[in-house]
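Enquirer: Okay, handing you the structure first.
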Amino acid sequence: MSKAKFAVILSGCGVYDGAEIHEAVLTLLAVDRAGGSYQCFAPDVAQMHVVNHLTGQPTDESRNVLVEAARIARGAIKPLSELRAADFDAVLLPGGFGAAKNLCTFAVAGPDCVVNPDAEAAIKAFHAAKKPIGALCISPALVAKVLGNVTVTIGSDAGTAQAVEKTGATHVVTSHGQTVVDSVNKVVTTPCYMLDASIGQIADGANAVVADILKMLG
């Protein structure tokens with residue numbers, strides 16, 4: 001096929017309150033090295049909260065998810081409301097707590113979480129169009145909440161896996177760099193930093209997700 005076009009949904013900038021930076025950057029690198037192209041998107045909303053990444057403690061600041069995600073995208077980013085599945089071949093969702101705080105509220109509400117409307121619309125649009133969805137780290141929980149009957153992985157954390165399964169999804173235990181491919185729903189997931197991982201193992205996971213999606217695209 002011609003050069004595959006990926007939409008990448010970011011959730012801020014920083015593991016504790018936004019997109020996990022290693023996962024996000026290595027996902028973009030995986031797409032580029034596989035010969036694809038990408039466009040980043042993020043919701044134009046306030047973060048659930050802001051965390052001081054040096055201390056790990058919340059602060060009194062307020063930050064915007066789109067503005068923060070623009071740091072990772074070097075400014076080349078669009079509001080998630082502008083994402084159209086028709087313009088892309090697949091969508092990728094790196095992890096980080098932002099996926100479970102800003103794209104949905106899984107971090108505080110588990111399977112009863114509320115999903116950002118633009119994130120929900122995007123996932124449903126790609127699924128309806130039978131276009132692949134790739135999710136890393138905790139973001140498979142978001143995909144599971146939106147789609148329900150899908151097979152995903154967040155690694156091996158039993159509590160999180162049980163919460164994911166309460167959304168109607170099936171969870172498969174995996175280790176570093178492994179993926180779970182739901183060929184029926186065209187969903188590819190990998191655990192990344194849901195495990196105690198090195199940056200090289202994160203790269204392995206991102207590369208594997210992109211490779212599996214490219215296989216789906218033929």
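Numbering starts fresh at 1 for the residues of each chain in the structure tokens, the chains themselves are lettered A, B, ... in the order given, and ligands are numbered from 1 as they appear.
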Would you kindly return, as number ranges by chain, each protein, DNA or RNA residue with an atom no farther than 12 Å from any atom of segment 49-64 of chain A, considering only C-alpha atoms and excluding same-chain residues fewer than 4 positions away?
Expert: A: 11-18, 20, 42-45, 68-71, 79, 97-98, 100-102, 105, 107
Enquirer: Could you give me, as a Markdown table, a per-residue list for segment 39-126 of chain A showing, wherever an atom lies at most 12 Å from an atom of segment 202-211 of chain A, the closest pair of atoms and their distance in Å to one decimal, using only C-alpha atoms and sorting by chain then residue number from low to high?
Expert:
| residue | atom | partner | partner_atom | distance |
| --- | --- | --- | --- | --- |
| A:Asp89 | CA | A:Val210 | CA | 11.8 |
| A:Ala90 | CA | A:Val210 | CA | 9.6 |
| A:Val91 | CA | A:Val210 | CA | 10.1 |
| A:Leu92 | CA | A:Val210 | CA | 8.6 |
| A:Leu93 | CA | A:Ala206 | CA | 10.4 |
| A:Pro94 | CA | A:Ala206 | CA | 8.7 |
| A:Gly95 | CA | A:Ala206 | CA | 10.8 |
Enquirer: Next, dump the selected residues to file, keeping only N, CA and C atoms, as a short mmCIF file (atom, residue, chain, number, x, y, z; two decimals), in the first residue's frame.
Expert:
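Dumped to part_8.cif:
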data_model
loop_
_atom_site.label_atom_id
_atom_site.label_comp_id
_atom_site.auth_asym_id
_atom_site.auth_seq_id
_atom_site.Cartn_x
_atom_site.Cartn_y
_atom_site.Cartn_z
N ASP A 89 -5.19 5.95 8.09
CA ASP A 89 -5.29 4.49 7.96
C ASP A 89 -5.41 3.80 9.30
N ALA A 90 -4.92 4.45 10.37
CA ALA A 90 -4.93 3.84 11.70
C ALA A 90 -4.76 4.94 12.75
N VAL A 91 -5.06 4.59 14.00
CA VAL A 91 -4.89 5.53 15.10
C VAL A 91 -4.07 4.87 16.20
N LEU A 92 -3.21 5.65 16.86
CA LEU A 92 -2.36 5.16 17.94
C LEU A 92 -2.57 5.99 19.20
N LEU A 93 -2.61 5.30 20.35
CA LEU A 93 -2.78 5.99 21.63
C LEU A 93 -1.65 5.57 22.58
N PRO A 94 -0.61 6.40 22.71
CA PRO A 94 0.40 6.14 23.74
C PRO A 94 -0.23 6.22 25.13
N GLY A 95 0.49 5.69 26.11
CA GLY A 95 -0.05 5.68 27.47
C GLY A 95 0.38 6.87 28.29
#
Enquirer: I'd like to know which of A:Gly75, A:Phe88, A:Phe41, A:Arg33 is closest to Ala129 of chain A, using only C-alpha atoms.
Expert: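 Ranked by minimum distance to Ala129 of chain A, first place goes to A:Phe88.
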Enquirer: Identify all residues of chain A in helix (DSSP H, G or I) (DSSP on the backbone) and supply them as a PyMOL selection string.
Expert: chain A and resi 21-33+65-72+80-82+85-87+97-101+106-112+117-128+139-147+158-165+192-194+199-217
Enquirer: Put those residues in a file: C-alpha atoms, as a PDB file, in the first residue's frame.
Expert:
ATOM      1  CA  ILE A  21       6.915  11.000  26.828  1.00  0.00           C
ATOM      2  CA  HIS A  22       9.055   7.948  26.036  1.00  0.00           C
ATOM      3  CA  GLU A  23       6.031   6.037  24.785  1.00  0.00           C
ATOM      4  CA  ALA A  24       4.814   8.967  22.715  1.00  0.00           C
ATOM      5  CA  VAL A  25       8.157   9.783  21.098  1.00  0.00           C
ATOM      6  CA  LEU A  26       9.075   6.145  20.452  1.00  0.00           C
ATOM      7  CA  THR A  27       5.661   5.573  18.887  1.00  0.00           C
ATOM      8  CA  LEU A  28       6.268   8.473  16.507  1.00  0.00           C
ATOM      9  CA  LEU A  29       9.748   7.113  15.774  1.00  0.00           C
ATOM     10  CA  ALA A  30       8.358   3.635  15.106  1.00  0.00           C
ATOM     11  CA  VAL A  31       5.891   5.050  12.580  1.00  0.00           C
ATOM     12  CA  ASP A  32       8.584   7.085  10.837  1.00  0.00           C
ATOM     13  CA  ARG A  33      11.091   4.236  10.666  1.00  0.00           C
ATOM     14  CA  VAL A  65      -4.011  19.099  27.460  1.00  0.00           C
ATOM     15  CA  LEU A  66      -3.600  20.323  23.871  1.00  0.00           C
ATOM     16  CA  VAL A  67      -1.070  23.010  24.838  1.00  0.00           C
ATOM     17  CA  GLU A  68       0.987  20.543  26.882  1.00  0.00           C
ATOM     18  CA  ALA A  69       0.850  17.823  24.198  1.00  0.00           C
ATOM     19  CA  ALA A  70       2.152  20.384  21.700  1.00  0.00           C
ATOM     20  CA  ARG A  71       5.481  20.143  23.533  1.00  0.00           C
ATOM     21  CA  ILE A  72       5.884  16.543  22.357  1.00  0.00           C
ATOM     22  CA  LEU A  80      -8.845  16.104  18.787  1.00  0.00           C
ATOM     23  CA  SER A  81     -12.237  17.432  17.672  1.00  0.00           C
ATOM     24  CA  GLU A  82     -10.727  17.857  14.179  1.00  0.00           C
ATOM     25  CA  ALA A  85     -10.959   8.698  10.570  1.00  0.00           C
ATOM     26  CA  ALA A  86     -11.430   9.046   6.819  1.00  0.00           C
ATOM     27  CA  ASP A  87      -8.134  10.953   6.621  1.00  0.00           C
ATOM     28  CA  PHE A  97      -1.667   8.661  33.289  1.00  0.00           C
ATOM     29  CA  GLY A  98      -3.122  11.292  30.966  1.00  0.00           C
ATOM     30  CA  ALA A  99      -4.812   8.527  28.990  1.00  0.00           C
ATOM     31  CA  ALA A 100      -6.592   7.525  32.203  1.00  0.00           C
ATOM     32  CA  LYS A 101      -7.083  11.055  33.577  1.00  0.00           C
ATOM     33  CA  PHE A 106     -10.240   5.370  34.499  1.00  0.00           C
ATOM     34  CA  ALA A 107      -7.512   6.403  36.966  1.00  0.00           C
ATOM     35  CA  VAL A 108     -10.131   7.419  39.538  1.00  0.00           C
ATOM     36  CA  ALA A 109     -13.300   5.602  38.463  1.00  0.00           C
ATOM     37  CA  GLY A 110     -12.009   2.359  36.927  1.00  0.00           C
ATOM     38  CA  PRO A 111     -14.574   0.577  34.738  1.00  0.00           C
ATOM     39  CA  ASP A 112     -17.208   3.202  35.627  1.00  0.00           C
ATOM     40  CA  PRO A 117     -16.377  12.848  23.981  1.00  0.00           C
ATOM     41  CA  ASP A 118     -13.792  13.556  21.272  1.00  0.00           C
ATOM     42  CA  ALA A 119     -11.687  10.551  22.310  1.00  0.00           C
ATOM     43  CA  GLU A 120     -14.761   8.317  22.296  1.00  0.00           C
ATOM     44  CA  ALA A 121     -15.857   9.599  18.896  1.00  0.00           C
ATOM     45  CA  ALA A 122     -12.406   9.005  17.421  1.00  0.00           C
ATOM     46  CA  ILE A 123     -12.124   5.433  18.674  1.00  0.00           C
ATOM     47  CA  LYS A 124     -15.643   4.592  17.531  1.00  0.00           C
ATOM     48  CA  ALA A 125     -15.015   6.139  14.106  1.00  0.00           C
ATOM     49  CA  PHE A 126     -11.874   4.095  13.443  1.00  0.00           C
ATOM     50  CA  HIS A 127     -13.582   0.948  14.696  1.00  0.00           C
ATOM     51  CA  ALA A 128     -16.655   1.549  12.517  1.00  0.00           C
ATOM     52  CA  SER A 139      -4.626   3.322  27.037  1.00  0.00           C
ATOM     53  CA  PRO A 140      -6.039  -0.159  26.231  1.00  0.00           C
ATOM     54  CA  ALA A 141      -8.358   0.466  29.211  1.00  0.00           C
ATOM     55  CA  LEU A 142      -9.778   3.462  27.358  1.00  0.00           C
ATOM     56  CA  VAL A 143     -10.288   1.416  24.192  1.00  0.00           C
ATOM     57  CA  ALA A 144     -11.940  -1.329  26.231  1.00  0.00           C
ATOM     58  CA  LYS A 145     -14.314   1.149  27.867  1.00  0.00           C
ATOM     59  CA  VAL A 146     -15.369   2.575  24.502  1.00  0.00           C
ATOM     60  CA  LEU A 147     -15.642  -0.674  22.530  1.00  0.00           C
ATOM     61  CA  ALA A 158      -4.099  -8.264  38.218  1.00  0.00           C
ATOM     62  CA  GLY A 159      -6.100  -5.381  39.678  1.00  0.00           C
ATOM     63  CA  THR A 160      -5.963  -3.282  36.516  1.00  0.00           C
ATOM     64  CA  ALA A 161      -6.696  -6.321  34.364  1.00  0.00           C
ATOM     65  CA  GLN A 162      -9.812  -7.076  36.434  1.00  0.00           C
ATOM     66  CA  ALA A 163     -10.992  -3.475  36.067  1.00  0.00           C
ATOM     67  CA  VAL A 164     -10.467  -3.685  32.307  1.00  0.00           C
ATOM     68  CA  GLU A 165     -12.461  -6.913  32.120  1.00  0.00           C
ATOM     69  CA  CYS A 192       4.979  -0.735  27.929  1.00  0.00           C
ATOM     70  CA  TYR A 193       5.357   1.055  31.290  1.00  0.00           C
ATOM     71  CA  MET A 194       2.526  -0.906  32.880  1.00  0.00           C
ATOM     72  CA  ILE A 199      13.350   2.556  27.496  1.00  0.00           C
ATOM     73  CA  GLY A 200      14.592  -0.096  25.064  1.00  0.00           C
ATOM     74  CA  GLN A 201      11.682  -2.352  26.013  1.00  0.00           C
ATOM     75  CA  ILE A 202       9.304   0.559  25.404  1.00  0.00           C
ATOM     76  CA  ALA A 203      10.769   0.903  21.921  1.00  0.00           C
ATOM     77  CA  ASP A 204      10.238  -2.819  21.367  1.00  0.00           C
ATOM     78  CA  GLY A 205       6.576  -2.476  22.273  1.00  0.00           C
ATOM     79  CA  ALA A 206       5.986   0.590  20.094  1.00  0.00           C
ATOM     80  CA  ASN A 207       7.750  -1.052  17.142  1.00  0.00           C
ATOM     81  CA  ALA A 208       5.695  -4.215  17.576  1.00  0.00           C
ATOM     82  CA  VAL A 209       2.370  -2.354  17.638  1.00  0.00           C
ATOM     83  CA  VAL A 210       3.217  -0.416  14.483  1.00  0.00           C
ATOM     84  CA  ALA A 211       4.461  -3.574  12.741  1.00  0.00           C
ATOM     85  CA  ASP A 212       1.274  -5.475  13.609  1.00  0.00           C
ATOM     86  CA  ILE A 213      -0.872  -2.619  12.331  1.00  0.00           C
ATOM     87  CA  LEU A 214       1.056  -2.468   9.070  1.00  0.00           C
ATOM     88  CA  LYS A 215       0.439  -6.197   8.637  1.00  0.00           C
ATOM     89  CA  MET A 216      -3.281  -5.531   9.041  1.00  0.00           C
ATOM     90  CA  LEU A 217      -3.095  -2.787   6.443  1.00  0.00           C
TER      91      LEU A 217
END
Enquirer: How would you write, as a ChimeraX atom specification, the set of residues in segment 68-156 of chain A that DSSP gives as strand (DSSP E)?
Expert: /A:77-79,90-93,133-136,151-155
Enquirer: Using only C-alpha atoms, which of the listed residues (A:Thr151, A:Thr189, A:Gln47, A:Ser183) sits closest to Gly168 of chain A?
Expert: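 Among the listed residues, A:Thr151 lies closest to Gly168 of chain A.
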